[in-house]
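S.K.: Contents of structure04.txt (compact mmCIF, C-alpha atoms):
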```txt
# COMPACT_ATOMS: atom_id res chain seq x y z
CA MET A 6 -3.34 -30.98 -60.12
CA ASP A 7 -5.43 -33.25 -62.36
CA ASP A 8 -8.96 -31.96 -62.76
CA GLY A 9 -9.92 -34.77 -65.16
CA TRP A 10 -10.15 -32.45 -68.17
CA ASP A 11 -6.64 -33.11 -69.48
CA LEU A 12 -6.82 -33.82 -73.22
CA ARG A 13 -3.83 -36.20 -72.99
CA GLY A 14 -5.52 -38.77 -70.77
CA ASP A 15 -4.21 -41.03 -68.01
CA GLU A 16 -0.72 -42.25 -68.97
CA SER A 17 -0.29 -44.26 -65.78
CA ALA A 18 -2.57 -46.97 -67.12
CA GLU A 19 -1.21 -49.87 -69.18
CA HIS A 20 -3.20 -48.48 -72.09
CA VAL A 21 -3.49 -44.72 -72.26
CA LEU A 22 -7.01 -43.83 -71.21
CA ALA A 23 -8.61 -40.89 -72.94
CA GLY A 24 -9.19 -37.87 -70.73
CA ARG A 25 -12.61 -36.42 -70.04
CA GLY A 26 -11.93 -33.52 -72.36
CA ARG A 27 -11.27 -35.75 -75.37
CA ARG A 28 -14.28 -37.93 -74.59
CA LEU A 29 -16.50 -34.86 -74.21
CA LEU A 30 -15.19 -33.47 -77.50
CA ALA A 31 -15.99 -36.81 -79.19
CA VAL A 32 -19.57 -36.66 -77.87
CA LEU A 33 -19.95 -33.07 -79.08
CA ILE A 34 -18.69 -34.03 -82.55
CA ASN A 35 -21.09 -36.99 -82.67
CA THR A 36 -23.94 -34.70 -81.63
CA ALA A 37 -23.05 -32.13 -84.27
CA VAL A 38 -22.85 -34.77 -87.00
CA LEU A 39 -26.04 -36.50 -85.87
CA LEU A 40 -28.24 -33.48 -85.16
CA LEU A 41 -26.86 -30.14 -86.32
CA LEU A 42 -25.56 -31.15 -89.76
CA PRO A 43 -28.82 -32.72 -91.01
CA LEU A 44 -30.84 -29.92 -89.42
CA GLY A 45 -28.77 -27.34 -91.31
CA VAL A 46 -29.11 -29.25 -94.58
CA ALA A 47 -32.86 -29.71 -94.07
CA LEU A 48 -33.35 -26.00 -93.41
CA ALA A 49 -31.13 -25.05 -96.37
CA VAL A 50 -33.09 -27.31 -98.74
CA ASP A 51 -36.52 -26.40 -97.37
CA PRO A 52 -36.62 -23.35 -95.05
CA ASP A 53 -40.29 -24.05 -94.26
CA THR A 54 -39.58 -27.53 -92.90
CA PHE A 55 -40.68 -26.76 -89.36
CA ASN A 56 -43.26 -24.09 -90.15
CA SER A 57 -46.92 -24.93 -90.29
CA GLY A 58 -48.73 -24.46 -93.54
CA PRO A 59 -51.34 -21.83 -94.33
CA THR A 60 -54.51 -21.46 -92.30
CA VAL A 61 -57.61 -22.62 -94.20
CA ARG A 62 -61.25 -23.21 -93.41
CA ASP A 63 -62.18 -26.85 -92.78
CA GLU A 64 -65.07 -27.68 -95.12
CA GLU A 65 -66.73 -30.10 -92.67
CA THR A 66 -66.57 -28.10 -89.45
CA GLY A 67 -66.19 -24.56 -90.77
CA ARG A 68 -63.29 -23.96 -88.35
CA MET A 69 -59.98 -22.40 -89.34
CA VAL A 70 -57.17 -24.99 -89.24
CA GLU A 71 -53.49 -24.97 -90.12
CA GLN A 72 -52.36 -27.25 -92.91
CA ALA A 73 -49.33 -29.45 -92.38
CA GLY A 74 -45.99 -27.97 -93.35
CA SER A 75 -43.52 -29.49 -95.76
CA LEU A 76 -42.02 -32.85 -94.86
CA VAL A 77 -38.98 -32.59 -97.18
CA GLY A 78 -36.65 -31.53 -94.36
CA VAL A 79 -38.00 -34.20 -92.04
CA GLY A 80 -37.34 -36.80 -94.75
CA ILE A 81 -33.78 -35.50 -95.17
CA MET A 82 -33.16 -35.78 -91.43
CA LEU A 83 -34.61 -39.29 -91.21
CA ALA A 84 -32.54 -40.43 -94.20
CA TRP A 85 -29.39 -38.93 -92.64
CA TRP A 86 -30.04 -40.67 -89.33
CA GLY A 87 -30.35 -43.98 -91.14
CA VAL A 88 -27.08 -43.41 -93.01
CA PHE A 89 -25.37 -42.27 -89.79
CA ALA A 90 -26.59 -45.34 -87.88
CA ILE A 91 -25.25 -47.70 -90.56
CA ALA A 92 -21.94 -45.83 -90.88
CA SER A 93 -21.50 -45.72 -87.10
CA GLY A 94 -22.20 -49.43 -86.81
CA ILE A 95 -19.58 -50.19 -89.45
CA LEU A 96 -17.02 -47.85 -87.84
CA VAL A 97 -17.54 -49.35 -84.40
CA ALA A 98 -17.40 -52.92 -85.74
CA LYS A 99 -14.30 -52.37 -87.89
CA ARG A 100 -12.32 -49.73 -85.98
CA SER A 101 -13.89 -49.55 -82.49
CA GLN A 102 -14.58 -45.86 -83.07
CA SER A 103 -17.55 -43.58 -83.54
CA VAL A 104 -17.21 -40.58 -85.85
CA GLY A 105 -16.37 -38.34 -82.88
CA LYS A 106 -13.88 -40.78 -81.40
CA ALA A 107 -12.13 -41.11 -84.77
CA ALA A 108 -11.95 -37.30 -85.05
CA VAL A 109 -10.20 -36.92 -81.69
CA GLY A 110 -8.05 -40.06 -82.03
CA ILE A 111 -9.53 -42.35 -79.40
CA LYS A 112 -11.12 -45.77 -79.69
CA ILE A 113 -12.92 -48.35 -77.59
CA VAL A 114 -10.75 -51.29 -76.54
CA ARG A 115 -11.02 -54.21 -74.16
CA THR A 116 -9.10 -53.97 -70.92
CA ASP A 117 -6.35 -56.16 -72.43
CA GLY A 118 -6.01 -53.69 -75.34
CA SER A 119 -7.60 -55.91 -77.99
CA HIS A 120 -10.26 -54.79 -80.47
CA ALA A 121 -13.58 -54.24 -78.69
CA GLY A 122 -16.34 -56.57 -79.74
CA SER A 123 -19.49 -57.86 -78.20
CA GLY A 124 -19.42 -59.39 -74.75
CA ALA A 125 -16.53 -57.40 -73.22
CA SER A 126 -16.37 -54.43 -70.93
CA PRO A 127 -14.52 -51.84 -73.04
CA ALA A 128 -12.56 -48.81 -71.88
CA CYS A 129 -11.84 -45.65 -73.89
CA ALA A 130 -8.17 -45.44 -74.79
CA GLY A 131 -6.06 -43.07 -76.84
CA SER A 132 -4.76 -44.51 -80.09
```
Would you encode the structure as structure tokens?

M.R.:
Amino acid sequence: MDDGWDLRGDESAEHVLAGRGRRLLAVLINTAVLLLLPLGVALAVDPDTFNSGPTVRDEETGRMVEQAGSLVGVGIMLAWWGVFAIASGILVAKRSQSVGKAAVGIKIVRTDGSHAGSGASPACAGS
């Protein structure tokens, strides 16, 4: 019985379509590379990245306010996202693969099997 989670994909198609399991794994890898990796690096470089600063008295109002925390980690994450966006664009343009798709061995192709580009309806296929 095929529950759609087979990592081998659909071999009855002219081009082997990637199974749901492989596509899900590719998304999880992309998510880890896009979110978890830079978050870990940001926290390793500056553990106080997401903590607020010390509480001080505002000279104008006399109220106690929290100062802004460090923005080093935020800068690291923004820089990483920029690098990731450029690298992903190049990978998709040159190889029809995202980082996650390349890791699990699938790529985006047109229905006739040719390299996916703009203007076509692509399908995920095993390489």

S.K.: When you count only C-alpha atoms, which of these residues is closest to Asn35 (chain A): A:Val114, A:Phe89, A:Arg100, A:Val50?

M.R.: A:Phe89

S.K.: So that I can check the surroundings of Leu44 (chain A), please list as a list in words every protein, DNA and RNA residue that reaches within 12 Å of it, counting only C-alpha atoms and ignoring chain neighbours fewer than 6 positions away.

M.R.: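 Answer for this query is Thr36, Ala37, Val38, Val50, Asp51, Pro52, Thr54, Phe55, Val77, Gly78, Val79, Gly80, Ile81, Met82, Leu83, Ala84, Trp85 and Trp86 of chain A.
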
S.K.: Between CA of Leu76 (chain A) and CA of Val104 (chain A), what is the distance in Å, rounded to a tenth?

M.R.: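 Going from CA of Leu76 (chain A) over to CA of Val104 (chain A) covers 27.5 Å.
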
S.K.: Separation of CA of Val88 (chain A) and CA of Pro43 (chain A), in Å?

M.R.: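 Rounded to one decimal, the two atoms are 11.0 Å apart.
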
S.K.: Taking all atoms listed in the file into account, name the residue in A:Arg27, A:Arg68, A:Arg62, A:Lys112 that is nearest to Ala98 (chain A).

M.R.: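 With all atoms listed in the file as the atom set, the closest residue is A:Lys112.
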
S.K.: To one decimal place, how far is CA of Ile34 (chain A) from CA of Gly87 (chain A) in Å?

M.R.: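 So the answer is 17.6 Å.
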